[in-house]
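Below is protein16.tsv, which holds TSV, C-alpha atoms and all ligand atoms.
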```tsv
chain	number	residue	atom	x	y	z
A	1	MET	CA	6.40	-8.15	18.71
A	2	MET	CA	7.14	-4.62	17.54
A	3	ILE	CA	3.61	-3.19	17.36
A	4	LYS	CA	0.62	-4.58	19.19
A	5	ALA	CA	-2.82	-2.98	19.09
A	6	LYS	CA	-5.66	-4.36	21.19
A	7	ASN	CA	-9.31	-3.44	20.79
A	8	ILE	CA	-8.78	0.10	19.56
A	9	GLN	CA	-11.91	2.21	19.35
A	10	LYS	CA	-12.30	5.78	18.21
A	11	SER	CA	-15.35	7.94	17.54
A	12	TYR	CA	-15.65	11.51	16.43
A	13	LYS	CA	-18.43	13.35	18.15
A	14	SER	CA	-19.99	16.61	17.15
A	15	LYS	CA	-23.09	18.24	18.65
A	16	GLN	CA	-25.56	16.23	16.62
A	17	THR	CA	-23.69	13.13	15.55
A	18	LYS	CA	-21.24	10.49	16.65
A	19	VAL	CA	-19.25	8.63	14.02
A	20	ASP	CA	-17.61	5.37	15.06
A	21	VAL	CA	-14.51	5.47	12.92
A	22	LEU	CA	-12.60	2.59	14.53
A	23	ARG	CA	-14.89	0.02	16.10
A	24	ASP	CA	-12.57	-2.70	17.31
A	25	ILE	CA	-9.10	-2.90	15.84
A	26	SER	CA	-6.58	-5.52	16.98
A	27	PHE	CA	-3.41	-6.64	15.22
A	28	SER	CA	0.28	-7.28	15.79
A	29	ILE	CA	3.31	-6.64	13.66
A	30	ASN	CA	6.60	-8.44	14.17
A	31	LYS	CA	10.01	-6.83	14.05
A	32	GLY	CA	11.17	-6.45	10.45
A	33	GLU	CA	7.74	-6.94	8.88
A	34	VAL	CA	6.48	-4.58	6.19
A	35	VAL	CA	2.73	-4.42	6.41
A	36	GLY	CA	0.29	-2.64	4.12
A	37	LEU	CA	-2.80	-0.91	5.44
A	38	LEU	CA	-5.57	-0.91	2.86
A	39	GLY	CA	-9.16	0.22	2.73
A	40	SER	CA	-11.38	2.56	0.78
A	41	ASN	CA	-11.55	6.33	1.37
A	42	GLY	CA	-12.83	7.05	4.86
A	43	ALA	CA	-12.21	3.51	6.12
A	44	GLY	CA	-10.16	4.81	9.06
A	45	LYS	CA	-6.55	4.29	7.97
A	46	THR	CA	-5.31	7.78	8.72
A	47	THR	CA	-7.16	7.80	12.03
A	48	LEU	CA	-5.46	4.56	13.05
A	49	ILE	CA	-2.09	5.88	11.94
A	50	LYS	CA	-2.55	9.10	13.92
A	51	ILE	CA	-3.32	7.02	17.00
A	52	LEU	CA	-0.23	4.88	16.46
A	53	CYS	CA	1.84	8.07	16.12
A	54	ASN	CA	0.39	9.49	19.34
A	55	LEU	CA	-1.18	12.48	17.56
A	56	ILE	CA	-4.68	11.62	18.72
A	57	GLU	CA	-5.84	9.40	21.52
A	58	ALA	CA	-7.96	6.29	21.14
A	59	ASP	CA	-11.19	6.17	23.18
A	60	GLU	CA	-10.58	2.55	24.14
A	61	GLY	CA	-7.90	-0.08	23.75
A	62	GLU	CA	-4.19	-0.50	24.21
A	63	ILE	CA	-1.12	-0.12	22.04
A	64	PHE	CA	2.36	-1.46	22.72
A	65	ILE	CA	5.40	-0.46	20.73
A	66	HIS	CA	8.49	-2.49	21.41
A	67	ASP	CA	6.62	-3.85	24.45
A	68	THR	CA	6.26	-0.32	25.81
A	69	PRO	CA	2.70	0.93	26.34
A	70	LEU	CA	1.84	3.90	24.17
A	71	ILE	CA	0.39	6.44	26.53
A	72	HIS	CA	-0.61	9.86	25.28
A	73	SER	CA	1.32	11.87	27.86
A	74	ASP	CA	4.36	9.62	27.94
A	75	LYS	CA	7.13	9.83	25.31
A	76	ARG	CA	8.76	6.42	25.91
A	77	ALA	CA	6.99	4.31	23.29
A	78	ILE	CA	6.81	7.00	20.63
A	79	LYS	CA	10.60	7.27	20.58
A	80	TYR	CA	10.65	4.07	18.52
A	81	VAL	CA	8.43	5.57	15.82
A	82	SER	CA	8.94	7.99	12.97
A	83	SER	CA	6.23	8.81	10.52
A	84	VAL	CA	5.24	10.50	7.32
A	85	LEU	CA	1.71	11.75	7.58
A	86	GLU	CA	-0.83	12.80	5.01
A	87	GLY	CA	-0.73	16.13	3.26
A	88	ASN	CA	2.76	17.53	3.91
A	89	ARG	CA	1.92	18.52	7.45
A	90	ASN	CA	5.18	17.06	8.72
A	91	LEU	CA	7.39	20.00	7.85
A	92	TYR	CA	7.85	23.63	8.78
A	93	TRP	CA	7.09	25.57	5.65
A	94	ARG	CA	9.06	28.66	6.70
A	95	LEU	CA	12.27	26.71	7.23
A	96	THR	CA	14.58	25.48	4.47
A	97	VAL	CA	14.95	21.81	3.58
A	98	LYS	CA	18.19	21.55	5.54
A	99	GLU	CA	16.81	23.50	8.51
A	100	ASN	CA	13.82	21.17	8.68
A	101	VAL	CA	16.07	18.13	8.82
A	102	GLU	CA	18.29	19.76	11.43
A	103	TYR	CA	15.29	20.75	13.50
A	104	PHE	CA	13.51	17.39	13.51
A	105	LEU	CA	16.68	15.40	14.09
A	106	GLY	CA	17.97	17.95	16.57
A	107	ILE	CA	14.98	17.51	18.86
A	108	ARG	CA	15.78	13.82	18.91
A	109	GLY	CA	19.37	14.57	19.87
A	110	VAL	CA	21.22	14.06	16.58
A	111	GLY	CA	24.16	16.48	16.03
A	112	LYS	CA	24.59	18.76	13.00
A	113	LYS	CA	27.75	17.11	11.64
A	114	LYS	CA	26.17	13.68	11.66
A	115	ILE	CA	23.09	15.07	9.96
A	116	GLU	CA	25.10	16.68	7.17
A	117	ASN	CA	27.02	13.48	6.38
A	118	LYS	CA	23.82	11.53	5.98
A	119	LEU	CA	21.65	14.20	4.44
A	120	LEU	CA	23.68	15.28	1.44
A	121	PRO	CA	23.84	11.86	-0.25
A	122	LEU	CA	20.13	11.42	0.36
A	123	LEU	CA	19.31	14.80	-1.17
A	124	ARG	CA	21.40	13.92	-4.22
A	125	ARG	CA	19.66	10.62	-4.57
A	126	PHE	CA	16.24	12.28	-4.58
A	127	ASN	CA	17.29	15.11	-6.90
A	128	LEU	CA	16.86	17.65	-4.14
A	129	TYR	CA	20.44	18.74	-3.64
A	130	GLU	CA	19.94	22.08	-5.39
A	131	LYS	CA	16.95	22.73	-3.14
A	132	LYS	CA	18.69	22.20	0.17
A	133	ASP	CA	18.60	25.90	1.08
A	134	GLU	CA	15.16	26.56	-0.38
A	135	LEU	CA	12.21	27.24	1.90
A	136	VAL	CA	9.93	24.21	2.05
A	137	LYS	CA	6.92	26.36	1.16
A	138	ASN	CA	8.54	27.06	-2.23
A	139	LEU	CA	8.93	23.39	-3.13
A	140	SER	CA	6.47	21.41	-5.21
A	141	ARG	CA	4.16	19.01	-3.42
A	142	GLY	CA	6.13	15.99	-4.55
A	143	MET	CA	9.38	17.55	-3.37
A	144	GLN	CA	7.85	18.32	0.01
A	145	GLN	CA	6.72	14.73	0.26
A	146	LYS	CA	10.23	13.52	-0.50
A	147	VAL	CA	11.70	15.82	2.17
A	148	ALA	CA	9.19	14.48	4.71
A	149	ILE	CA	10.25	10.93	3.85
A	150	ILE	CA	13.93	11.85	4.13
A	151	VAL	CA	13.34	13.32	7.60
A	152	ALA	CA	11.51	10.18	8.73
A	153	LEU	CA	14.19	7.89	7.35
A	154	MET	CA	17.00	9.89	8.90
A	155	LEU	CA	15.42	9.57	12.33
A	156	ASP	CA	16.39	5.92	11.96
A	157	THR	CA	13.81	4.53	14.36
A	158	GLU	CA	12.83	0.88	14.64
A	159	VAL	CA	9.31	1.60	13.40
A	160	LEU	CA	8.42	3.63	10.34
A	161	ILE	CA	4.80	4.56	9.69
A	162	LEU	CA	3.86	6.04	6.34
A	163	ASP	CA	0.45	7.37	5.34
A	164	GLU	CA	0.20	7.31	1.54
A	165	PRO	CA	3.85	8.15	0.97
A	166	THR	CA	3.65	8.30	-2.82
A	167	LEU	CA	0.44	10.29	-3.10
A	168	GLY	CA	0.89	13.06	-5.66
A	169	LEU	CA	4.35	12.01	-6.78
A	170	ASP	CA	5.31	11.79	-10.43
A	171	VAL	CA	6.21	8.43	-11.97
A	172	GLN	CA	9.94	8.90	-11.49
A	173	SER	CA	9.70	10.00	-7.83
A	174	ASN	CA	7.22	7.22	-7.17
A	175	ILE	CA	9.76	4.63	-8.35
A	176	GLU	CA	12.57	6.32	-6.40
A	177	ILE	CA	10.60	6.22	-3.16
A	178	ILE	CA	9.45	2.63	-3.59
A	179	ASP	CA	12.95	1.42	-4.44
A	180	PHE	CA	14.40	3.30	-1.52
A	181	LEU	CA	11.83	1.91	0.91
A	182	LEU	CA	12.51	-1.55	-0.48
A	183	GLU	CA	16.20	-1.14	0.28
A	184	ILE	CA	15.47	0.07	3.80
A	185	ALA	CA	13.03	-2.76	4.41
A	186	LYS	CA	15.51	-5.37	3.21
A	187	SER	CA	18.73	-4.13	4.72
A	188	GLU	CA	17.76	-2.59	8.01
A	189	SER	CA	15.09	-4.91	9.39
A	190	LYS	CA	12.87	-1.97	10.12
A	191	THR	CA	9.25	-2.53	10.97
A	192	ILE	CA	7.14	-0.61	8.49
A	193	LEU	CA	3.41	0.10	8.34
A	194	ILE	CA	2.34	1.78	5.17
A	195	SER	CA	-1.07	2.89	4.02
A	196	SER	CA	-1.53	3.31	0.31
A	197	HIS	CA	-3.94	3.11	-2.57
A	198	ASP	CA	-1.00	2.34	-4.82
A	199	MET	CA	-1.17	-1.39	-5.41
A	200	LYS	CA	2.18	-1.51	-7.16
A	201	LEU	CA	3.74	-0.17	-3.98
A	202	ILE	CA	1.89	-2.67	-1.79
A	203	GLU	CA	2.83	-5.53	-4.09
A	204	LYS	CA	6.49	-4.55	-4.16
A	205	LEU	CA	6.99	-3.73	-0.50
A	206	CYS	CA	4.57	-5.55	1.75
A	207	SER	CA	4.60	-9.13	2.92
A	208	ARG	CA	1.24	-8.82	4.66
A	209	VAL	CA	-1.81	-6.59	4.41
A	210	LEU	CA	-4.39	-5.42	6.89
A	211	ILE	CA	-7.62	-4.34	5.26
A	212	ILE	CA	-9.88	-1.97	7.18
A	213	ASN	CA	-13.51	-1.64	6.35
A	214	ASP	CA	-16.08	0.21	8.36
A	215	GLY	CA	-13.76	0.55	11.33
A	216	GLU	CA	-12.83	-3.11	11.57
A	217	ILE	CA	-10.01	-5.23	10.23
A	218	VAL	CA	-11.66	-7.54	7.74
A	219	THR	CA	-8.50	-9.15	6.40
A	220	ASP	CA	-5.12	-9.81	7.98
A	221	GLU	CA	-3.31	-12.07	5.58
A	222	SER	CA	0.01	-12.54	3.83
A	223	VAL	CA	0.19	-11.12	0.33
A	224	ASN	CA	1.15	-14.56	-1.02
A	225	VAL	CA	-1.92	-16.22	0.43
A	226	LEU	CA	-4.19	-13.51	-0.94
A	227	LEU	CA	-2.70	-13.84	-4.37
A	228	ARG	CA	-3.03	-17.63	-4.34
A	229	LEU	CA	-6.64	-17.26	-3.31
A	230	PHE	CA	-7.23	-15.17	-6.40
A	231	ASP	CA	-4.93	-17.09	-8.66
A	232	VAL	CA	-7.23	-17.65	-11.56
A	233	LYS	CA	-5.30	-18.39	-14.69
A	234	SER	CA	-5.88	-16.47	-17.85
A	235	TYR	CA	-4.57	-17.61	-21.22
A	236	ILE	CA	-4.32	-16.03	-24.62
A	237	PHE	CA	-4.40	-18.34	-27.64
A	238	ARG	CA	-3.21	-17.24	-31.08
A	239	PHE	CA	-4.09	-19.23	-34.18
A	240	ASN	CA	-2.26	-20.28	-37.34
A	241	GLU	CA	-5.01	-19.10	-39.66
A	242	PRO	CA	-8.17	-17.03	-39.31
A	243	LEU	CA	-11.05	-18.92	-37.69
A	244	SER	CA	-14.01	-19.95	-39.79
A	245	GLU	CA	-17.49	-18.71	-38.91
A	246	GLN	CA	-18.32	-22.18	-37.54
A	247	GLN	CA	-15.20	-22.31	-35.39
A	248	ARG	CA	-15.87	-18.85	-34.01
A	249	PHE	CA	-19.45	-19.84	-33.21
A	250	ASN	CA	-18.29	-22.99	-31.41
A	251	LEU	CA	-15.72	-21.19	-29.30
A	252	ALA	CA	-18.09	-18.42	-28.38
A	253	ASN	CA	-20.72	-20.91	-27.24
A	254	LEU	CA	-18.67	-23.57	-25.53
A	255	PHE	CA	-16.79	-21.63	-22.89
A	256	ASP	CA	-17.71	-19.26	-20.11
A	257	ASN	CA	-15.24	-16.54	-19.11
A	258	SER	CA	-13.86	-16.34	-22.61
A	259	SER	CA	-13.80	-13.89	-25.46
A	260	LEU	CA	-12.55	-13.53	-29.01
A	261	VAL	CA	-10.58	-10.33	-29.28
A	262	GLU	CA	-9.38	-8.56	-32.40
A	263	THR	CA	-5.73	-7.48	-32.04
A	264	ALA	CA	-3.03	-6.10	-34.33
A	265	GLU	CA	-1.84	-9.69	-34.90
A	266	GLY	CA	-5.28	-10.98	-35.76
A	267	GLU	CA	-8.01	-12.56	-33.70
A	268	VAL	CA	-7.04	-14.11	-30.33
A	269	PHE	CA	-9.00	-16.21	-27.89
A	270	LYS	CA	-8.83	-15.22	-24.22
A	271	ILE	CA	-10.03	-17.50	-21.49
A	272	THR	CA	-9.88	-17.52	-17.70
A	273	LEU	CA	-9.75	-20.90	-16.01
A	274	THR	CA	-10.19	-21.60	-12.33
A	275	ARG	CA	-8.96	-25.22	-12.47
A	276	ASN	CA	-5.73	-26.38	-14.10
A	277	GLU	CA	-7.51	-29.42	-15.59
A	278	ASP	CA	-9.75	-27.17	-17.67
A	279	PHE	CA	-6.78	-26.36	-19.84
A	280	TYR	CA	-6.87	-29.86	-21.33
A	281	GLU	CA	-10.52	-29.53	-22.07
A	282	VAL	CA	-9.84	-26.37	-24.06
A	283	MET	CA	-7.20	-28.18	-26.09
A	284	GLU	CA	-9.60	-31.09	-26.71
A	285	ILE	CA	-12.16	-28.71	-28.15
A	286	PHE	CA	-9.57	-27.06	-30.38
A	287	LYS	CA	-8.61	-30.47	-31.68
A	288	LYS	CA	-12.18	-31.48	-32.25
A	289	PHE	CA	-12.89	-28.39	-34.37
A	290	HIS	CA	-9.55	-28.50	-36.21
A	291	ILE	CA	-8.36	-25.23	-34.76
A	292	LEU	CA	-4.58	-24.96	-35.04
A	293	VAL	CA	-2.98	-23.12	-32.15
A	294	ASP	CA	0.06	-21.02	-32.99
A	295	SER	CA	0.97	-19.84	-29.49
A	296	ILE	CA	-0.32	-19.81	-25.93
A	297	GLU	CA	0.48	-17.06	-23.51
A	298	ARG	CA	-0.25	-16.87	-19.82
A	299	ASP	CA	-1.83	-13.56	-18.86
A	300	GLN	CA	-0.33	-11.85	-15.78
A	301	ILE	CA	-2.28	-11.77	-12.55
A	302	ASP	CA	-3.35	-8.22	-12.09
A	303	PHE	CA	-2.42	-7.34	-8.50
A	304	GLU	CA	-4.43	-4.19	-8.53
A	305	LYS	CA	-7.51	-6.15	-9.53
A	306	VAL	CA	-6.87	-8.73	-6.80
A	307	PHE	CA	-6.75	-6.16	-4.03
A	308	LEU	CA	-9.66	-4.17	-5.37
A	309	ASP	CA	-11.63	-7.39	-5.50
A	310	ILE	CA	-10.81	-8.16	-1.87
A	311	ILE	CA	-11.82	-4.70	-0.74
A	312	ARG	CA	-15.04	-4.87	-2.73
A	313	ARG	CA	-15.92	-8.34	-1.47
A	314	THR	CA	-15.20	-7.51	2.15
A	315	LYS	CA	-17.29	-4.37	1.78
A	316	ASP	CA	-20.19	-6.38	0.37
A	317	HIS	CA	-20.00	-9.49	2.51
A	318	GLY	CA	-17.72	-8.70	5.46
A	319	VAL	CA	-15.38	-11.56	4.47
A	320	ILE	CA	-13.24	-12.39	1.44
A	401	LIG	N1	-11.14	15.24	12.99
A	401	LIG	C1	-12.21	14.58	12.55
A	401	LIG	N2	-13.43	14.93	12.96
A	401	LIG	C2	-14.53	14.25	12.54
A	401	LIG	N3	-14.47	13.19	11.70
A	401	LIG	C3	-13.29	12.80	11.26
A	401	LIG	C4	-12.07	13.47	11.66
A	401	LIG	N4	-11.03	12.85	11.07
A	401	LIG	C5	-11.56	11.84	10.33
A	401	LIG	N5	-12.90	11.80	10.45
A	401	LIG	C6	-13.79	10.81	9.80
A	401	LIG	O1	-13.28	9.53	10.07
A	401	LIG	C7	-13.47	8.66	8.97
A	401	LIG	C8	-12.18	8.00	8.61
A	401	LIG	O2	-11.27	8.97	8.11
A	401	LIG	P1	-9.76	8.62	7.78
A	401	LIG	O3	-9.10	9.88	7.40
A	401	LIG	O4	-9.19	7.84	8.91
A	401	LIG	O5	-9.93	7.67	6.51
A	401	LIG	P2	-8.84	7.03	5.54
A	401	LIG	O6	-9.03	5.55	5.59
A	401	LIG	O7	-7.51	7.56	5.86
A	401	LIG	O8	-9.31	7.55	4.11
A	401	LIG	P3	-8.46	8.00	2.82
A	401	LIG	O9	-8.19	6.75	2.03
A	401	LIG	O10	-9.39	8.89	2.09
A	401	LIG	O11	-7.23	8.70	3.27
A	401	LIG	C9	-14.09	9.52	7.87
A	401	LIG	O12	-15.47	9.29	7.85
A	401	LIG	C10	-13.78	10.93	8.30
A	401	LIG	O13	-14.77	11.83	7.86
A	402	MG	MG	-6.15	8.68	4.85
```
Starting from the file, give its structure as structure tokens.
Ligand SMILES: Nc1ncnc2c1ncn2[C@@H]1O[C@H](COP(=O)(O)OP(=O)(O)OP(=O)(O)O)[C@@H](O)[C@H]1O
Ligand SMILES: [Mg+2]
Amino acid sequence: MMIKAKNIQKSYKSKQTKVDVLRDISFSINKGEVVGLLGSNGAGKTTLIKILCNLIEADEGEIFIHDTPLIHSDKRAIKYVSSVLEGNRNLYWRLTVKENVEYFLGIRGVGKKKIENKLLPLLRRFNLYEKKDELVKNLSRGMQQKVAIIVALMLDTEVLILDEPTLGLDVQSNIEIIDFLLEIAKSESKTILISSHDMKLIEKLCSRVLIINDGEIVTDESVNVLLRLFDVKSYIFRFNEPLSEQQRFNLANLFDNSSLVETAEGEVFKITLTRNEDFYEVMEIFKKFHILVDSIERDQIDFEKVFLDIIRRTKDHGVI
């Protein structure tokens, strides 16, 4: 077990109020797993990540990293962890890109020569080579985010924790970061926990997701299982000739979860089926009304919709 969290609780107290942000969080992550942390704004993801990175202390509960207890005043467990936190707060703005890398790796005992050999190819890869001697405060937000990720990756720890790593990145940088993380995850058996609202990233990188809602983990499930659970099949039918009024009327009235949609190639019939057998019933009806099908296309499952659905359902009912 690489990360183990048991009954984590955290509240924020001010004079008048007390907000229970994390009520009772328990989970484990095995070595080499890439796990997504999902939940709506304010669900408690960043708070949990800050606790796991030893930046704030939980009120209750225990955390073990690499079987070492994470204790606020003790550096042993945190040595296994590197992180990229929200909002570019990971870097010194008055130092250059290279100086930042040298500083953060230096305090973990990595020598300058070794840093240079690793850093330059990485900077080239992320189109940051020209910026290596630029002050971080003069970089764009996306560039700063990329530098923060480079620093975390170069620390080369067993555990990598990322809080919304692609937030604010352009399309190209977004793809670069995801592909790079994918490579790391595959080749280096790193244990990665990643919070994101970017479902493409979650879909590409994670094998399992934890979903937080209202300070509790409401779902801890493999991505495959979640997708199977929501695997409703959508089909698009195209026809040989325009439908008659009668045929259109019949189709519109006979099926739920269906629609006739006007497209550039003429009218198509879209239907979502929850059981495979229903497909034959649709074909029967077409036959009965002499509707000639030209082509059938399977609509893609929309991953974003699946995860949004899960979050919405757990919010409404507490379970999927
Ligand atoms: N330092 C703080 N003092 C008081 N309340 C806080 C503090 N930090 C966070 N909170 C509250 O804790 C709750 C959870 O915040 P958190 O940042 O962990 O959410 P999140 O899941 O990361 O959301 P997002 O998706 O928007 O990043 C929010 O209600 C927030 O207002
Ligand atoms: Mg957050």
Point to revise | All residues 9 Å or closer to range 243-248 of chain A, only C-alpha atoms, same chain fewer than 5 positions away omitted, as a ChimeraX atom specification | key: /A:253,260,267,286,289-291
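In this model, the gap between CA of Asn90 in chain A and CA of Val159 in chain A comes to 16.7 Å.
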Test item: residues lying within 6 Å of ligand LIG 401 (chain A) with only C-alpha atoms and all ligand atoms, as an mmCIF file with C-alpha atoms, in the frame of the given file:
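As written to disk, pocket08.cif reads:
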```cif
data_model
loop_
_atom_site.group_PDB
_atom_site.id
_atom_site.type_symbol
_atom_site.label_atom_id
_atom_site.label_comp_id
_atom_site.auth_asym_id
_atom_site.auth_seq_id
_atom_site.Cartn_x
_atom_site.Cartn_y
_atom_site.Cartn_z
ATOM 1 C CA TYR A 12 -15.650 11.510 16.430
ATOM 2 C CA VAL A 21 -14.510 5.470 12.920
ATOM 3 C CA SER A 40 -11.380 2.560 0.780
ATOM 4 C CA ASN A 41 -11.550 6.330 1.370
ATOM 5 C CA GLY A 42 -12.830 7.050 4.860
ATOM 6 C CA ALA A 43 -12.210 3.510 6.120
ATOM 7 C CA GLY A 44 -10.160 4.810 9.060
ATOM 8 C CA LYS A 45 -6.550 4.290 7.970
ATOM 9 C CA THR A 46 -5.310 7.780 8.720
ATOM 10 C CA THR A 47 -7.160 7.800 12.030
#
```
Show me which residues sit within 12 Å of ligand MG 402 (chain A) when counting all atoms listed in the file, and put them as a PDB file with C-alpha atoms, in the coordinates of the input.
```
ATOM      1  CA  LEU A  37      -2.800  -0.910   5.440  1.00  0.00           C
ATOM      2  CA  LEU A  38      -5.570  -0.910   2.860  1.00  0.00           C
ATOM      3  CA  GLY A  39      -9.160   0.220   2.730  1.00  0.00           C
ATOM      4  CA  SER A  40     -11.380   2.560   0.780  1.00  0.00           C
ATOM      5  CA  ASN A  41     -11.550   6.330   1.370  1.00  0.00           C
ATOM      6  CA  GLY A  42     -12.830   7.050   4.860  1.00  0.00           C
ATOM      7  CA  ALA A  43     -12.210   3.510   6.120  1.00  0.00           C
ATOM      8  CA  GLY A  44     -10.160   4.810   9.060  1.00  0.00           C
ATOM      9  CA  LYS A  45      -6.550   4.290   7.970  1.00  0.00           C
ATOM     10  CA  THR A  46      -5.310   7.780   8.720  1.00  0.00           C
ATOM     11  CA  THR A  47      -7.160   7.800  12.030  1.00  0.00           C
ATOM     12  CA  LEU A  48      -5.460   4.560  13.050  1.00  0.00           C
ATOM     13  CA  ILE A  49      -2.090   5.880  11.940  1.00  0.00           C
ATOM     14  CA  LYS A  50      -2.550   9.100  13.920  1.00  0.00           C
ATOM     15  CA  VAL A  84       5.240  10.500   7.320  1.00  0.00           C
ATOM     16  CA  LEU A  85       1.710  11.750   7.580  1.00  0.00           C
ATOM     17  CA  GLU A  86      -0.830  12.800   5.010  1.00  0.00           C
ATOM     18  CA  GLY A  87      -0.730  16.130   3.260  1.00  0.00           C
ATOM     19  CA  LEU A 162       3.860   6.040   6.340  1.00  0.00           C
ATOM     20  CA  ASP A 163       0.450   7.370   5.340  1.00  0.00           C
ATOM     21  CA  GLU A 164       0.200   7.310   1.540  1.00  0.00           C
ATOM     22  CA  PRO A 165       3.850   8.150   0.970  1.00  0.00           C
ATOM     23  CA  LEU A 167       0.440  10.290  -3.100  1.00  0.00           C
ATOM     24  CA  ILE A 194       2.340   1.780   5.170  1.00  0.00           C
ATOM     25  CA  SER A 195      -1.070   2.890   4.020  1.00  0.00           C
ATOM     26  CA  SER A 196      -1.530   3.310   0.310  1.00  0.00           C
ATOM     27  CA  HIS A 197      -3.940   3.110  -2.570  1.00  0.00           C
ATOM     28  CA  ILE A 212      -9.880  -1.970   7.180  1.00  0.00           C
TER      29      ILE A 212
END
```
Exercise for review: Give me, please, the distance in Å between CA of Leu122 in chain A and CA of Ile29 in chain A, quoted to one decimal.
Suggested key: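 Pair CA of Leu122 in chain A / CA of Ile29 in chain A returns 28.0 Å.
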Review point. Hey, can you check how far CA of Lys132 in chain A sits from CA of Ser173 in chain A?
Key: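 Taking CA of Lys132 in chain A as the start and CA of Ser173 in chain A as the end point, the length is 17.1 Å.
Those residues that approach Gly142 in chain A to within 9 Å, counting only C-alpha atoms, are A:Lys146, A:Val147, A:Thr166, A:Leu167, A:Gly168, A:Leu169, A:Asp170, A:Ser173; same-chain residues fewer than 4 positions away are not listed.
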Study note, to complete from the structure: Across A:Leu135, A:Leu119, A:Leu128, A:Ala5, the smallest distance to Leu70 in chain A, with all atoms listed in the file counted, is shown by A:Ala5
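Take the candidates A:Ser234, A:Thr272, A:Lys15, A:Met2 and check each one against Thr157 in chain A using all atoms listed in the file; the shortest distance goes to A:Met2.
The neighbours of range 203-209 of chain A here are the residues that come within 9 Å of it, using all atoms listed in the file and leaving out any residue fewer than 2 positions away in the same chain; they are Glu33, Val34, Val35, Gly36, Leu37, Leu38, Ile178, Asp179, Leu181, Leu182, Ala185, Ile192, Leu193, Ile194, Asp198, Met199, Lys200, Leu201, Ile211, Thr219, Asp220, Glu221, Ser222, Val223, Asn224, Phe303 and Glu304 of chain A.
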